[in-house]
Structure formats: C-alpha cells, structure tokens
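Data from final25.txt: compact mmCIF, C-alpha atoms
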# COMPACT_ATOMS: atom_id res chain seq x y z
CA MET A 1 21.42 34.89 7.17
CA LYS A 2 17.81 34.14 8.20
CA LYS A 3 16.85 33.56 4.55
CA ILE A 4 19.65 31.00 4.14
CA VAL A 5 18.65 29.11 7.30
CA PHE A 6 14.98 29.15 6.28
CA ALA A 7 15.83 27.98 2.74
CA THR A 8 17.97 25.19 4.19
CA LEU A 9 15.15 24.07 6.50
CA VAL A 10 12.62 24.12 3.64
CA THR A 11 14.99 22.13 1.43
CA ALA A 12 15.61 19.58 4.21
CA PHE A 13 11.88 19.22 4.88
CA THR A 14 11.11 18.86 1.16
CA THR A 15 13.89 16.30 0.69
CA SER A 16 12.61 14.35 3.71
CA ALA A 17 9.02 14.42 2.41
CA LEU A 18 10.17 13.25 -1.03
CA ALA A 19 12.17 10.42 0.54
CA ALA A 20 9.10 9.31 2.54
CA ASP A 21 6.98 9.43 -0.63
CA ASP A 22 9.59 7.34 -2.47
CA LEU A 23 9.77 4.85 0.40
CA ASN A 24 5.98 4.42 0.39
CA LYS A 25 5.94 4.05 -3.40
CA TYR A 26 8.69 1.41 -3.34
CA LYS A 27 6.97 -0.38 -0.46
CA ASP A 28 3.65 -0.50 -2.38
CA GLU A 29 5.42 -1.76 -5.49
CA SER A 30 7.14 -4.47 -3.44
CA ARG A 31 3.88 -5.56 -1.84
CA ALA A 32 2.34 -5.81 -5.32
CA VAL A 33 5.06 -8.30 -6.28
CA VAL A 34 5.54 -10.22 -3.01
CA GLY A 35 1.82 -10.84 -2.39
CA PRO A 36 1.21 -12.72 -5.67
CA PHE A 37 4.56 -14.53 -5.32
CA VAL A 38 3.59 -15.89 -1.89
CA GLN A 39 0.06 -16.75 -3.04
CA GLN A 40 1.34 -18.65 -6.08
CA LEU A 41 3.97 -20.46 -4.02
CA THR A 42 1.34 -21.45 -1.44
CA ALA A 43 -0.96 -22.72 -4.19
CA GLU A 44 1.87 -24.73 -5.77
CA ASN A 45 2.71 -26.29 -2.39
CA LYS A 46 -0.93 -27.21 -1.69
CA LYS A 47 -1.28 -28.73 -5.15
CA ALA A 48 1.91 -30.77 -4.72
CA VAL A 49 0.81 -32.06 -1.31
CA GLN A 50 -2.63 -33.03 -2.66
CA GLU A 51 -1.10 -34.85 -5.62
CA GLY A 52 1.81 -36.61 -3.92
CA GLY A 53 1.98 -35.84 -0.23
CA PRO A 54 4.45 -33.67 1.69
CA GLU A 55 7.45 -35.19 -0.11
CA SER A 56 6.16 -33.63 -3.34
CA ALA A 57 6.21 -30.16 -1.78
CA ILE A 58 10.00 -30.37 -1.48
CA LYS A 59 10.26 -30.04 -5.27
CA VAL A 60 8.17 -26.86 -5.13
CA CYS A 61 10.50 -25.19 -2.66
CA LYS A 62 13.64 -26.61 -4.29
CA ASP A 63 12.87 -26.00 -7.97
CA ILE A 64 9.70 -23.98 -8.55
CA ALA A 65 10.16 -21.24 -5.91
CA PRO A 66 13.72 -20.31 -7.03
CA LYS A 67 12.57 -20.24 -10.66
CA MET A 68 9.64 -17.99 -9.75
CA ALA A 69 11.94 -15.69 -7.75
CA GLY A 70 14.45 -15.59 -10.61
CA ASP A 71 11.74 -14.77 -13.16
CA ILE A 72 10.44 -11.92 -11.00
CA SER A 73 13.97 -10.64 -10.38
CA ARG A 74 14.68 -10.50 -14.11
CA GLN A 75 11.32 -8.91 -14.94
CA GLN A 76 11.59 -6.22 -12.25
CA GLY A 77 15.33 -5.60 -12.25
CA TRP A 78 15.35 -6.32 -8.51
CA LYS A 79 16.63 -9.24 -6.47
CA LEU A 80 13.78 -11.23 -4.90
CA THR A 81 14.70 -14.15 -2.67
CA ARG A 82 13.55 -16.14 0.34
CA VAL A 83 15.90 -16.04 3.32
CA SER A 84 16.01 -17.57 6.78
CA MET A 85 18.24 -17.72 9.83
CA LYS A 86 17.94 -21.53 9.56
CA VAL A 87 18.60 -22.20 5.89
CA ARG A 88 17.70 -25.20 3.86
CA ASN A 89 19.67 -24.14 0.79
CA PRO A 90 22.67 -22.02 1.85
CA LEU A 91 23.32 -20.87 -1.73
CA LEU A 92 19.90 -19.26 -2.08
CA GLY A 93 18.63 -18.62 1.42
CA THR A 94 21.47 -17.18 3.49
CA PRO A 95 20.52 -13.70 4.71
CA ASP A 96 22.86 -10.74 4.35
CA ALA A 97 23.43 -8.33 7.27
CA TRP A 98 20.28 -6.24 6.59
CA GLU A 99 18.16 -9.38 6.26
CA GLN A 100 19.58 -10.90 9.46
CA LYS A 101 18.82 -7.70 11.40
CA THR A 102 15.29 -7.61 9.96
CA LEU A 103 14.59 -11.28 10.70
CA LYS A 104 15.68 -10.74 14.33
CA GLN A 105 13.36 -7.73 14.54
CA PHE A 106 10.50 -9.85 13.14
CA GLU A 107 11.13 -12.52 15.80
CA ALA A 108 11.05 -9.87 18.53
CA ARG A 109 7.86 -8.37 17.12
CA LEU A 110 6.19 -11.81 17.03
CA ALA A 111 7.30 -12.48 20.61
CA LYS A 112 5.58 -9.24 21.67
CA GLY A 113 2.33 -10.50 20.12
CA GLU A 114 2.34 -8.79 16.74
CA LYS A 115 0.19 -10.51 14.14
CA PRO A 116 2.18 -12.51 11.55
CA GLU A 117 0.55 -10.79 8.58
CA THR A 118 1.93 -7.41 9.71
CA LEU A 119 5.59 -8.49 9.68
CA GLU A 120 7.06 -6.19 7.09
CA ALA A 121 10.06 -3.86 6.87
CA ALA A 122 11.19 -1.31 4.29
CA GLU A 123 14.16 1.00 4.22
CA ILE A 124 16.37 2.94 1.86
CA VAL A 125 19.98 2.14 2.75
CA LYS A 126 23.34 3.42 1.59
CA GLU A 127 25.62 0.66 0.38
CA SER A 128 29.06 0.69 -1.20
CA ASN A 129 27.52 0.76 -4.69
CA GLY A 130 24.92 3.46 -3.92
CA LYS A 131 21.42 3.67 -2.48
CA THR A 132 19.30 0.55 -2.32
CA PHE A 133 15.70 -0.01 -1.35
CA ARG A 134 15.32 -3.00 0.98
CA TYR A 135 12.03 -4.74 1.72
CA MET A 136 11.07 -7.88 3.57
CA LYS A 137 7.79 -9.62 4.29
CA GLY A 138 7.90 -12.22 7.06
CA ILE A 139 7.06 -15.88 6.48
CA VAL A 140 5.46 -17.49 9.51
CA LEU A 141 5.17 -21.28 9.63
CA GLN A 142 1.68 -22.57 8.90
CA PRO A 143 0.35 -25.86 10.37
CA GLY A 144 0.78 -27.81 7.11
CA CYS A 145 4.43 -26.79 6.88
CA VAL A 146 5.51 -28.97 9.83
CA ALA A 147 5.62 -31.98 7.49
CA CYS A 148 8.87 -30.54 6.09
CA HIS A 149 9.93 -27.92 8.64
CA GLY A 150 8.62 -29.24 11.97
CA LYS A 151 10.26 -31.16 14.74
CA LYS A 152 11.79 -34.51 13.81
CA ASP A 153 8.74 -36.40 15.13
CA ASP A 154 6.46 -34.28 12.91
CA ILE A 155 8.36 -35.07 9.71
CA PRO A 156 7.46 -38.37 7.99
CA ALA A 157 10.39 -40.76 7.38
CA ASN A 158 10.11 -40.50 3.57
CA VAL A 159 10.27 -36.70 3.81
CA GLN A 160 13.27 -36.88 6.15
CA ALA A 161 15.03 -39.16 3.67
CA ARG A 162 14.29 -36.84 0.74
CA LEU A 163 15.43 -33.77 2.70
CA ALA A 164 18.68 -35.54 3.66
CA GLU A 165 19.27 -36.38 0.00
CA ASP A 166 18.38 -32.95 -1.44
CA TYR A 167 19.70 -30.81 1.44
CA PRO A 168 22.55 -32.56 3.27
CA HIS A 169 23.23 -29.42 5.37
CA ASP A 170 19.58 -28.64 6.13
CA GLN A 171 18.95 -26.46 9.17
CA ALA A 172 15.31 -25.59 8.39
CA THR A 173 13.57 -27.93 10.81
CA GLY A 174 12.44 -27.81 14.42
CA TYR A 175 9.75 -25.19 13.85
CA GLU A 176 6.25 -25.02 15.29
CA PRO A 177 3.30 -23.29 13.63
CA GLY A 178 3.35 -19.58 14.31
CA GLN A 179 7.13 -19.28 14.45
CA LEU A 180 9.06 -17.12 12.01
CA ARG A 181 10.37 -19.31 9.20
CA GLY A 182 12.07 -16.50 7.28
CA GLY A 183 11.15 -13.77 4.86
CA VAL A 184 10.70 -12.81 1.25
CA SER A 185 13.32 -10.18 0.60
CA ILE A 186 13.67 -7.57 -2.13
CA LYS A 187 16.82 -5.64 -2.88
CA ARG A 188 16.28 -2.85 -5.39
CA PRO A 189 19.05 -0.55 -6.64
CA LEU A 190 18.06 3.12 -6.79
Structure encoded using structure tokens:
Amino acid sequence: MKKIVFATLVTAFTTSALAADDLNKYKDESRAVVGPFVQQLTAENKKAVQEGGPESAIKVCKDIAPKMAGDISRQQGWKLTRVSMKVRNPLLGTPDAWEQKTLKQFEARLAKGEKPETLEAAEIVKESNGKTFRYMKGIVLQPGCVACHGKKDDIPANVQARLAEDYPHDQATGYEPGQLRGGVSIKRPL
C-alpha cells in the first residue's frame, strides 16, 4: 500500500512539474510573438501619425492591426487578437469570459500600483473542446493615444468624425494615459 501511495505522489509531482514547464514554455513562445506584434503596431501608428496626423492612425488599428493579427494566427496556428472591455470593433475586440476575467484582474493590479509592463497572465484551461493555453499581455494607454481614445475634449473634431463613420458603436474613448486599454490575447489549442 505504501508503494502505491508513494508512486501516486511521485506521478502527481512529476505531472505538476511537467505542466509548469509546459506553461513556462508556452508563455515564452507567446511573449516572443506578442512583443514584436506590439512593437510593429506601435511603429505603424507612429508612422501614420507623422504622415497624416491622428486620423491616419485609425486606419492602422482598423485595417493593419487585424491583418497582422490574422497573419500571425495563421502562421502559428493560434488565435491572436486585441480585446477590451470598451470595444471599438465588437466583431474583433469583444473579450470572451477568460479575457474579461483577466482584464478585470489587470485593472485591479494597476490600481494597486503594479507597473504596466508587467501586466501579463498565462494559464492552461479546460474547455469543451479540450485543453487550451491562454495568454494575455495588457495594453496601457500611452499619452499619444488620447487623440483617438481620450476624453471627448482630447479628440480632435476630424478624428471624432472619422471614428463615428468607421465605428458607429464605438465605446473605446474616455481613457487617460496609464489606464488599461485592453490586451493582446492568445488562445492556443493543446
């Protein structure tokens, strides 16, 4: 009987250690994809603003970012998307239950003084279709982003008009720099 209990404990410990190793591996792989995605998106936004002002950045978030996310998703076999509790494009940015929970945790962590660059979550979850690795990196509003996501007084009239045209149900305004805007989310079947 003691041998069976010991063998069970060793198996449980080994399984737990393997799961932790897998989680760290998947997290590192996600970081290696999300980091360049965010850097490229930031560079595209800065370039658009320099060339045509804040109104030009709308095209980056509307057209270029979803294409980039789609390309990465197809290349990796994962789903990469940007989500927010206050969506601009409900078809692409509405968070599922795991993402909502994680975004709320990020907001609480920010409120307690955590640094924006550390907002990250990773977890292996059981879903109806099997195990899935979930990852999210928080997006915190930067000062330049208020031209499209700030309070109404911060958003130029031409940008407001373009947002109303492109996103008639837009909820993604009213932010101040330093607030959580959303997150880059990865959903990876295992």
Original post:
Of the candidates A:Val87, A:Asn158, A:Pro116, A:Ile124, which one gets nearest to Gly178 (chain A) if we count only C-alpha atoms?
Top reply: A:Pro116
Original post:
Between CA of Asp96 (chain A) and CA of Leu190 (chain A), what is the distance, to one decimal in Å?
Top reply: 18.4 Å
Original post:
Between A:Gly35, A:Gly182, A:Pro177, A:Pro168, which has the minimum distance to Ile139 (chain A) (counting only C-alpha atoms)?
Top reply: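 The shortest atom-to-atom distance to Ile139 (chain A) comes from A:Gly182.
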Original post:
Between A:Asp166, A:Glu29, A:Glu176, A:Asp21, which is the closest to Gln76 (chain A) once you count all atoms listed in the file?
Top reply: A:Glu29
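CA of Glu123 (chain A) lies 21.6 Å from CA of Arg74 (chain A).
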Original post:
Around (4.5, 1.7, 1.2) in the file's frame, which residues reach within 12 Å when counting only C-alpha atoms? Return as a count of residues only?
Top reply: 23
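If you measure from each of A:Gly77, A:Gly144, A:Gly150, A:Pro95 to Ala57 (chain A) using all atoms listed in the file, the closest one turns out to be A:Gly144.
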Original post:
Expressed in Å to a single decimal, how great is the separation between CA of Asn129 (chain A) and CA of Lys101 (chain A)?
Top reply: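 So the answer is 20.2 Å.
Counting only C-alpha atoms and comparing A:Asn89, A:Gln179, A:Tyr167, A:Lys152, the residue that lies closest to Arg109 (chain A) is A:Gln179.
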**OP:** Would you list the contacts of Leu41 (chain A) as a list of chain:residue names, taking every protein, DNA or RNA residue within 9 Å and counting all atoms listed in the file, but skipping same-chain residues closer than 6 positions in sequence?
**Re:**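 My list of contacting residues is A:Val60, A:Cys61, A:Ile64, A:Ala65, A:Met68.
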Deliver the residues from the most recent selection as a file, using C-alpha atoms, as a PDB file, in the coordinates of the input.
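Heads up, here's the output in result_32.pdb:
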ATOM      1  CA  VAL A  60       8.170 -26.860  -5.130  1.00  0.00           C
ATOM      2  CA  CYS A  61      10.500 -25.190  -2.660  1.00  0.00           C
ATOM      3  CA  ILE A  64       9.700 -23.980  -8.550  1.00  0.00           C
ATOM      4  CA  ALA A  65      10.160 -21.240  -5.910  1.00  0.00           C
ATOM      5  CA  MET A  68       9.640 -17.990  -9.750  1.00  0.00           C
TER       6      MET A  68
END
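Closest to Val159 (chain A) among A:Lys46, A:Gly93, A:Thr132, A:Ala147 is A:Ala147, based on all atoms listed in the file.
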Original post:
Leaving out Leu80 (chain A) and any residue of its chain fewer than 5 positions from it, which residues lie within 9 Å of it when counting all atoms listed in the file, given as JSON, numbers by chain?
Top reply: {"A": [34, 69, 70, 72, 73, 184, 185, 186, 187, 188]}
Got time to write the residues from that selection, C-alpha atoms, as a PDB file, keeping the file's coordinate frame?
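Okay, this is what ended up in again-v4.pdb:
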ATOM      1  CA  VAL A  34       5.540 -10.220  -3.010  1.00  0.00           C
ATOM      2  CA  ALA A  69      11.940 -15.690  -7.750  1.00  0.00           C
ATOM      3  CA  GLY A  70      14.450 -15.590 -10.610  1.00  0.00           C
ATOM      4  CA  ILE A  72      10.440 -11.920 -11.000  1.00  0.00           C
ATOM      5  CA  SER A  73      13.970 -10.640 -10.380  1.00  0.00           C
ATOM      6  CA  VAL A 184      10.700 -12.810   1.250  1.00  0.00           C
ATOM      7  CA  SER A 185      13.320 -10.180   0.600  1.00  0.00           C
ATOM      8  CA  ILE A 186      13.670  -7.570  -2.130  1.00  0.00           C
ATOM      9  CA  LYS A 187      16.820  -5.640  -2.880  1.00  0.00           C
ATOM     10  CA  ARG A 188      16.280  -2.850  -5.390  1.00  0.00           C
TER      11      ARG A 188
END
**OP:** Would you list the contacts of Val146 (chain A) as number ranges by chain, taking every protein, DNA or RNA residue within 8 Å and counting only C-alpha atoms, but skipping same-chain residues closer than 5 positions in sequence?
**Re:** A: 141, 151, 154-155, 175-177
